[in-house]
Every structure is written in C-alpha cells, then in structure tokens.
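Engineer: Below you'll find the structure I mean.
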Amino acid sequence: MSIPTIDLSKAEISVTRTELLKELRHALLEVGFLYLTGYSVDQSTIEDLVRVLPYLFGLPEEVKESVALVNSPHFLGYSKFGSETTAKVQDHREQFEHANELKGRYDQDDTLPLYTRLQGPNQWIKSSTSVPGLRGKVESYITALQEVASQFLSLVEEALDLPHDSLACFTGPQDRLKLVHYRPSSTDATLDAQTQGVGPHKDSSGWMTFLLQASDPSIKGLQALSKSGEWLDVPSVPNTLVVNMGQAFEVVTNGVCKATTHRVLLPPGDYDRYSVPFFQGVRPDLTKRDLQALWQHFDQDRWHTRESAEGQRIDSPFLQGQYDTWGEAQLRTKIRSHRDVGRKFYADVFDKYINDS
C-alpha cells in the first residue's frame, strides 16, 4: 500500500477540487493517514520553530524541569525521557506540550466537571535568554495550524457528503501541540535492538493530528498500521504534514473512519529525531447523544470499512462507551500515560482510571 498525498491547493479550482475530494474520501475510508501538501503556512513560521528545537532540548535538565508536566493539572509542560507509558511500555522521548491560551481563569477546582479539567494555561520557561522568542514561535505555529486544520476539516465534510460545519461544530476550544525529541537507547548501529519512541496507539488528544516531521528524511521512526495489519514506514517528506485520524473522528463517524494506529520505533544509531504534532481539539462536553443525527448518515450497512485485528485491540474508552463525555475519556488516557500527574491532582479518580481495563 502507498501512502496517499493530498494537495490542498487543488481545492481552489473546481475541476481539481472534484479530484481532490475523491482522493480524500479514499484516504479517510481506506487508509486512515496521508501526506498533506499545498497548505498555506508561511515557511518562515515552520523554519523558526524547527530551528529552536535542538536548543530547547539541549537546555540543562533543571531548566526544562522548571516547567515539568507534573506541576500542571492540565498536562501542559515538559516530560523527560521514560516518563510516559504507551501500551504498558515506557516511551523513549522527551517533550514539551503546549496549547492555545484560553481566556479566563482555569484553576484546579474540584467542583468543576471532570470533562473540563484538561483546559488550562501553558507553562513557559521563564528565562528569555534560554530560547529567545520561543513562546512567539510556538504561538505563531499553533495559529497557522488552526487555519490548516479548519480548511482540511471543511474538505472532509464535503468528501463525506456532509453539510458544511456538521463536523466543525464539535471542535474546540483548546488545540494542543507537542515538541518532541527522540533518541534511541542504543547507539551501536550493529545491534538489531530498536527503541520504542512511542508505542502503538491511536491519538486521543484531538480530532485530527497534523504532524511535522522535523528531522532529516534519512532518520526513520514513524510507522502506521495499514488496514490489512502491515506496519508501513512513514518517512519524512519535505514540505508535507502527515495527517492521521484521531479517536474522536472515529466516534463521530460511527466507527466508519477508523482512527490511525501508529508508533515510533527507533533503529539503533547516534542521532536526534524531532517531531511536532498538532492535535485539533474536541469539545470536552461532547457526548454520544450529540452524534445521533450523524450516525444515521454513517449507517454501517451503507459504509463498509475495515481495520486490522491489532488496530481493533487499541484502547478506545469513549468509543466503547465507558465514559459519557469526550473530556473525561481524554483525561483518563492522560492519567494512564502520566501517572505522576494523576496521583498528584486526581487522587479521587486515579485508581478507577488505572484499573478500569
């Protein structure tokens, strides 16, 4: 199977728009991930962000830990190598997680519904000399990707024969961005051992994921699971974003458009790998009851799609009906991945979320 490339610039002309919608429909239903080109983001916005990544992750550990994720009930901040677990195995990556800043005050308040708890302010490294202009570069990139995501989702609605804004009404209010650094645990290229950068999973942080692979194309790692159960390399291609479907999109389409199962598996060697995934946000109060009209459109007797056995085994609590709201299902996933944060801020539900499988 080849990974399709969707060129957004085709949407500007009626003849090529029809071709684009056909290609996009195929990618959504039959593949689940794609390369995106032709998006309108100023190249300097991308280059400015990519350029700071080695400096950011090269900061002294105590500087990075000053914005540690464990200090944020909203799971925003820095997490070091080995601090996150996926598929019950430690991931070998460090990362900064940010979001668009929300207006108003979001203190940790036990009286607020659980589904609101992930919304909150970022943590920013205080010293302006550490990485000059970091906040501005991150915020500019988030703003640019919000526009790309909005345009893409509008085309998705059209490709799936849905009325305008029938999907967009479920997005927001907070999109998330990760700055990620991978290093293999083995630097001996003669060894066959591979490092789990991040284990097999489906994205629970949003609707669609738009991934910038910010390393040399020769550096491998990302793999996606095809519908037939084959792990496919997804190499870095200049001037593209890799788009995959998140769990919310699978739920909203009544399971017709499967969320993409993917992983990062690092071959041995001495190198650094950087990536920047943007997660299009989902309304935290979204319930399955809100989706009944859409589910009539996605009648599974009409839409026939498939998924590999391994993909079907990936944890998907909202789809399986364990939680009423998307926000609580996402909070549960975050706590299971970052248990130190869960113990600190969510003792009342920690045991429930950890043991509910």
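Labeling convention for the structure tokens: chains A, B, ... as they appear, residues from 1 per chain, ligands from 1 in order of appearance.
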Neighbouring residues of range 263-269 of chain A were defined as those with any atom within 12 Å, considering only C-alpha atoms; residues of the same chain fewer than 2 positions away were excluded. Please report them as an MDAnalysis selection string.
Structural biologist: chainID A and resid 86:87 91:93 180:203 213 218:225 231:235 244 260:261 271:275 311 314
Engineer: So which residues of range 140-317 of chain A fall under alpha helix (DSSP H) by DSSP, listed as a count of residues only?
Structural biologist: 36
Engineer: Let me make sure I understand: among A:Arg135, A:Lys344, A:Lys227, A:Lys178, which one has the smallest atom-to-atom distance to Phe210 in chain A if we use only C-alpha atoms?
Structural biologist: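 When distances to Phe210 in chain A are compared using only C-alpha atoms, the smallest one comes from A:Lys178.
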Engineer: DSSP on the backbone, strand (DSSP E or B) only: what residues of range 81-277 of chain A does that give? Format it as number ranges by chain.
Structural biologist: A: 85-86, 89-90, 93-99, 171, 176-182, 195-201, 208-213, 222-225, 231-233, 241-245, 262-266, 273-277
Engineer: Here is a test: counting only C-alpha atoms, which residue of A:Lys258, A:Lys137, A:Arg176, A:Lys88 is nearest to Val31 in chain A?
Structural biologist: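 Answer, going by the shortest atom-to-atom distance: A:Lys258.
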Engineer: Looking at only C-alpha atoms, which of A:Tyr141, A:Phe249, A:Phe152, A:Phe350 is the one that sits closest to Leu8 in chain A?
Structural biologist: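 Ranked by minimum distance to Leu8 in chain A, first place goes to A:Phe152.
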Engineer: List the spatial neighbours of Leu294 in chain A as a CSV table (one decimal) with N, CA and C atoms, in the first residue's frame - criterion: any atom at most 9 Å away, only C-alpha atoms, same-chain residues fewer than 3 positions off excluded.
Structural biologist:
```
chain,number,residue,atom,x,y,z
A,162,LEU,N,-21.3,15.5,3.8
A,162,LEU,CA,-21.9,16.1,5.0
A,162,LEU,C,-22.2,17.6,4.8
A,166,SER,N,-21.0,20.6,9.9
A,166,SER,CA,-21.6,19.5,10.6
A,166,SER,C,-20.6,18.8,11.5
A,167,LEU,N,-19.3,18.8,11.2
A,167,LEU,CA,-18.2,18.3,12.0
A,167,LEU,C,-17.5,19.4,12.8
A,252,VAL,N,-17.2,10.0,16.0
A,252,VAL,CA,-18.2,10.9,15.3
A,252,VAL,C,-18.7,10.2,14.0
A,253,THR,N,-17.9,9.5,13.3
A,253,THR,CA,-18.3,8.8,12.1
A,253,THR,C,-18.8,7.4,12.4
A,254,ASN,N,-19.2,7.1,13.6
A,254,ASN,CA,-19.8,5.9,14.0
A,254,ASN,C,-18.9,4.7,13.6
A,290,ASP,N,-25.0,13.5,21.3
A,290,ASP,CA,-24.8,14.6,20.4
A,290,ASP,C,-24.7,14.2,19.0
A,291,LEU,N,-24.4,12.9,18.8
A,291,LEU,CA,-23.9,12.4,17.5
A,291,LEU,C,-25.0,11.6,16.7
A,297,HIS,N,-26.3,9.2,9.2
A,297,HIS,CA,-25.6,9.3,7.9
A,297,HIS,C,-24.6,8.2,7.7
A,298,PHE,N,-23.9,7.9,8.9
A,298,PHE,CA,-22.8,6.9,8.8
A,298,PHE,C,-23.4,5.5,9.1
A,299,ASP,N,-24.5,5.1,8.5
A,299,ASP,CA,-25.1,3.8,8.7
A,299,ASP,C,-24.1,2.8,8.2
```
Engineer: Considering only C-alpha atoms, state which residue in the set A:Gln247, A:Ser215, A:Ser226, A:Ser83 is at the smallest distance from Val50 in chain A.
Structural biologist: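 Comparing A:Gln247, A:Ser215, A:Ser226, A:Ser83 against Val50 in chain A, the winner is A:Ser215.
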Engineer: Provide the CA of Lys352 in chain A to CA of Glu328 in chain A distance in Å, to one decimal place.
Structural biologist: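 If I compute the distance from CA of Lys352 in chain A to CA of Glu328 in chain A, I get 12.1 Å.
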Engineer: When distances are computed from only C-alpha atoms, which of A:Val349, A:Ile6, A:Val148, A:Leu179 shows the smallest separation from Phe96 in chain A?
Structural biologist: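 With only C-alpha atoms as the atom set, the closest residue is A:Leu179.
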Engineer: Can you tell me which residues surround Ile125 in chain A at a distance of at most 9 Å, considering only C-alpha atoms, apart from same-chain residues fewer than 3 positions away, and format the answer as a list of chain:residue names?
Structural biologist: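 Non-adjacent residues within range: A:Val63, A:Lys64, A:Ser66, A:Val67, A:Ser128, A:Ser130, A:Val131, A:Leu134, A:Arg135.
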Engineer: For Leu69 in chain A, which residue among A:Gly255, A:Pro121, A:Pro113, A:Pro217 is the nearest when counting only C-alpha atoms?
Structural biologist: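 The answer is A:Pro121, which sits nearest to Leu69 in chain A.
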Engineer: One decimal, Å: what's the distance from CA of Ser337 in chain A over to CA of Ser72 in chain A, could you say?
Structural biologist: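 Separation between CA of Ser337 in chain A and CA of Ser72 in chain A: 14.3 Å.
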Engineer: Do you know which residues are at most 9 Å from Leu331 in chain A counting only C-alpha atoms, after dropping those on the same chain fewer than 6 positions away, and could you put them as a PyMOL selection string?
Structural biologist: chain A and resi 74+114-115+117-118
Engineer: Next, write the just-selected residues to a file, as a PDB file, in the first residue's frame, keeping C-alpha atoms as the atom set.
Structural biologist:
```pdb
ATOM      1  CA  HIS A  74      -3.826  20.273  32.602  1.00  0.00           C
ATOM      2  CA  LEU A 114     -14.168  16.233  35.174  1.00  0.00           C
ATOM      3  CA  TYR A 115     -14.503  16.826  31.457  1.00  0.00           C
ATOM      4  CA  ARG A 117     -10.113  19.664  33.811  1.00  0.00           C
ATOM      5  CA  LEU A 118      -7.673  19.417  30.891  1.00  0.00           C
TER       6      LEU A 118
END
```
